[in-house]
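Q: Here you go, work-v5.txt (compact mmCIF, C-alpha atoms):
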# COMPACT_ATOMS: atom_id res chain seq x y z
CA MET V 21 -9.96 -41.92 40.84
CA TYR V 22 -6.44 -43.03 40.06
CA ASN V 23 -4.67 -41.18 37.20
CA LEU V 24 -2.21 -43.48 35.52
CA TRP V 25 -0.28 -40.68 33.85
CA SER V 26 0.48 -38.92 37.08
CA SER V 27 2.43 -41.78 38.61
CA ILE V 28 6.04 -40.70 38.62
CA ASP V 29 8.96 -42.57 40.07
CA TRP V 30 11.94 -40.69 41.32
CA ILE V 31 15.29 -42.10 40.39
CA VAL V 32 18.38 -40.98 42.18
CA VAL V 33 21.40 -40.67 39.93
CA GLU V 34 24.73 -40.26 41.59
CA GLY V 35 26.88 -37.54 40.08
CA SER V 36 30.14 -36.08 41.22
CA ALA V 37 29.16 -34.82 44.66
CA ASP V 38 25.50 -33.88 44.16
CA MET V 39 22.44 -35.97 44.07
CA VAL V 40 20.30 -35.32 40.99
CA ARG V 41 16.69 -36.34 40.61
CA LYS V 42 15.19 -37.29 37.28
CA LYS V 43 11.56 -37.90 36.38
CA THR V 44 10.56 -40.98 34.47
CA LYS V 45 7.08 -41.90 33.31
CA GLN V 46 5.78 -45.38 33.38
CA THR V 47 3.51 -46.22 30.50
CA PRO V 48 0.83 -48.74 31.34
CA THR V 49 0.29 -51.44 28.73
CA ASN V 50 -2.54 -53.69 29.94
CA ILE V 51 -5.12 -51.07 30.94
CA ALA V 52 -8.50 -50.69 29.30
CA LYS V 53 -9.82 -47.23 28.53
CA ILE V 54 -12.94 -45.92 30.17
CA LYS V 55 -15.71 -45.21 27.70
CA ASN V 56 -18.09 -42.79 29.30
CA GLU V 57 -19.35 -39.31 28.43
CA TYR V 58 -16.91 -37.46 30.67
CA VAL V 59 -13.86 -39.17 29.16
CA ARG V 60 -15.14 -38.50 25.62
CA THR V 61 -15.61 -34.81 26.34
CA LEU V 62 -12.12 -34.59 27.79
CA GLN V 63 -10.72 -36.32 24.72
CA GLN V 64 -12.67 -33.96 22.47
CA LYS V 65 -11.32 -30.97 24.39
CA GLU V 66 -7.80 -32.31 24.03
CA GLU V 67 -8.34 -32.85 20.30
CA ARG V 68 -9.71 -29.32 19.93
CA LYS V 69 -6.72 -27.94 21.79
CA LYS V 70 -4.37 -29.87 19.51
CA VAL V 71 -6.21 -28.63 16.43
CA GLN V 72 -6.22 -25.06 17.77
CA LYS V 73 -2.51 -25.30 18.56
CA ALA V 74 -1.75 -26.66 15.08
CA ARG V 75 -3.92 -23.90 13.54
CA LEU V 76 -2.14 -21.30 15.68
CA TYR V 77 1.28 -22.51 14.57
CA ARG V 78 0.14 -22.58 10.94
CA ASN V 79 -1.27 -19.05 11.23
CA LEU V 80 1.92 -17.83 12.88
CA VAL V 81 4.02 -19.36 10.12
CA VAL V 82 1.83 -17.80 7.43
CA PHE V 83 2.00 -14.43 9.19
CA ALA V 84 5.78 -14.70 9.53
CA VAL V 85 6.17 -15.54 5.83
CA ILE V 86 3.94 -12.63 4.84
CA ALA V 87 5.85 -10.31 7.19
CA ILE V 88 9.23 -11.41 5.81
CA VAL V 89 8.08 -11.04 2.20
CA SER V 90 6.62 -7.60 2.97
CA LEU V 91 9.80 -6.53 4.74
CA GLY V 92 11.89 -7.73 1.80
CA PHE V 93 9.69 -5.81 -0.63
CA LEU V 94 9.91 -2.65 1.49
CA LEU V 95 13.69 -2.91 1.81
CA ASN V 96 14.05 -3.47 -1.93
CA THR V 97 11.86 -0.44 -2.63
CA PHE V 98 13.83 1.64 -0.14
CA TRP V 99 17.18 0.75 -1.71
CA GLY V 100 15.83 1.41 -5.20
CA GLN V 101 14.55 4.82 -4.16
CA LYS V 102 17.84 5.59 -2.43
CA LYS V 103 19.77 4.81 -5.62
CA THR V 104 17.35 6.88 -7.69
CA LEU V 105 17.65 9.78 -5.26
CA ALA V 106 21.46 9.65 -5.42
CA ALA V 107 21.33 9.68 -9.23
CA LYS V 108 18.94 12.65 -9.18
CA GLU V 109 21.22 14.51 -6.76
CA GLN V 110 24.18 14.01 -9.10
CA GLU V 111 22.09 15.19 -12.04
CA LYS V 112 20.99 18.21 -10.00
CA GLN V 113 24.61 19.14 -9.21
CA ALA V 114 25.57 18.84 -12.89
CA LEU V 115 22.61 21.01 -13.91
CA LEU V 116 23.45 23.62 -11.25
CA ILE V 117 26.98 23.86 -12.64
CA GLU V 118 25.61 24.19 -16.16
CA LEU V 119 23.17 26.86 -14.94
CA ALA V 120 26.01 28.88 -13.41
CA GLU V 121 27.91 28.69 -16.70
CA LYS V 122 24.86 29.81 -18.65
CA GLU V 123 24.28 32.71 -16.27
CA GLU V 124 27.89 33.85 -16.72
CA GLU V 125 27.45 33.63 -20.48
CA HIS V 126 24.20 35.58 -20.20
CA VAL V 127 25.92 38.36 -18.23
CA MET V 128 28.76 38.49 -20.77
CA LEU V 129 26.30 38.71 -23.67
CA LYS V 130 24.41 41.50 -21.90
CA ARG V 131 27.64 43.48 -21.53
CA GLN V 132 28.46 42.91 -25.17
CA LEU V 133 24.96 44.06 -26.15
CA GLU V 134 25.42 47.24 -24.12
CA LYS V 135 28.79 47.81 -25.83
CA LEU V 136 27.23 47.31 -29.25
CA ASN V 137 24.90 50.22 -28.53
CA ASP V 138 28.00 52.45 -28.16
CA ASP V 139 29.17 54.02 -31.46
CA GLU V 140 32.82 54.23 -30.39
CA TYR V 141 32.95 50.51 -29.61
CA ILE V 142 31.41 49.69 -33.01
CA ALA V 143 34.03 51.84 -34.74
CA LYS V 144 36.85 50.16 -32.79
CA LEU V 145 35.44 46.73 -33.63
CA ALA V 146 35.16 47.61 -37.33
CA ARG V 147 38.80 48.75 -37.37
CA GLN V 148 40.04 45.57 -35.67
CA GLU V 149 37.97 42.96 -37.46
CA TYR V 150 37.29 44.45 -40.88
CA PHE V 151 40.29 46.80 -41.30
CA LEU V 152 38.11 49.86 -41.85
CA SER V 153 39.65 53.24 -41.26
CA ASP V 154 38.70 56.82 -40.55
CA LYS V 155 39.85 59.68 -42.71
CA ASN V 156 43.59 60.11 -42.74
CA GLU V 157 44.24 56.79 -40.98
CA ILE V 158 46.71 54.17 -42.11
CA ILE V 159 46.14 50.60 -40.93
CA PHE V 160 49.06 48.37 -40.12
CA SER V 161 48.26 44.71 -39.63
CA LEU V 162 50.71 42.97 -37.33
CA PRO V 163 50.64 39.20 -36.93
CA LYS V 164 49.34 37.96 -33.65
CA LYS V 165 51.66 36.33 -31.13
CA GLU V 166 50.22 32.86 -31.74
CA GLU V 167 50.91 33.12 -35.46
CA LYS V 168 54.51 34.15 -34.76
CA ASP V 169 54.97 31.13 -32.47
CA LYS V 170 53.61 28.80 -35.15
CA LYS V 171 55.96 30.18 -37.77
CA LYS V 172 58.94 29.77 -35.43
CA ASP V 173 57.95 26.16 -34.74
CA GLU V 174 57.66 25.45 -38.46
CA GLU V 175 61.08 26.97 -39.15
CA LYS V 176 62.72 24.84 -36.44
CA GLU V 177 61.41 21.64 -37.96
What is this structure when it is put down as structure tokens?
A:
Amino acid sequence: MYNLWSSIDWIVVEGSADMVRKKTKQTPTNIAKIKNEYVRTLQQKEERKKVQKARLYRNLVVFAVIAIVSLGFLLNTFWGQKKTLAAKEQEKQALLIELAEKEEEHVMLKRQLEKLNDDEYIAKLARQEYFLSDKNEIIFSLPKKEEKDKKKDEEKE
């Protein structure tokens, strides 16, 4: 049987120094189609292949769109979590600094509590803050250095 679509003419095209061959198809115009069972089954197979190919491309496009959307969502989530983590790390550093300050204050207050259990320290504190005295003591109150500096500044003005 003669296949019309397989007839190919070879055309020689002259180039610079090489000879190049090109394929051209001749399309028959005045030929009647054969209408038998074999030809119909071949046409049906070709149609099914076309439909399957179209379905495959459609499925691939749908899959690609879903994959791109999913990837975008995952990247967005990742960046959001990264920003949140960075903010939490900064907050953690600030809280660690605050904790260190509070621990220093706690140690200082413990020392002061221990000193307050000592009678000599309480007596010294009462003399300094409340101007209390023991027997035969005379209390002289001298201005503090800061107060002297303030008075000198006021006099200069």
Q: What is the distance between atom CA of V:Lys144 and atom CA of V:Ile159, in Å to one decimal?
A: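 Interatomic distance, atom CA of V:Lys144 to atom CA of V:Ile159: 12.4 Å.
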Q: As an exercise, work out the distance from atom CA of V:Ile142 to atom CA of V:Lys155 in Å and give it to one decimal place.
A: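 Going from atom CA of V:Ile142 over to atom CA of V:Lys155, I get 16.3 Å.
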Q: Suppose you want the space between atom CA of V:Arg131 and atom CA of V:Leu162; what is it in Å?
A: 28.0 Å
Q: Need the axis-aligned box for stretch 88-107 of chain V with 6 Å each side, so what are the centre and edges in Å to one decimal, as AutoDock Vina command-line options?
A:
--center_x 14.0 --center_y -0.8 --center_z -1.7 --size_x 26.8 --size_y 33.2 --size_z 27.0
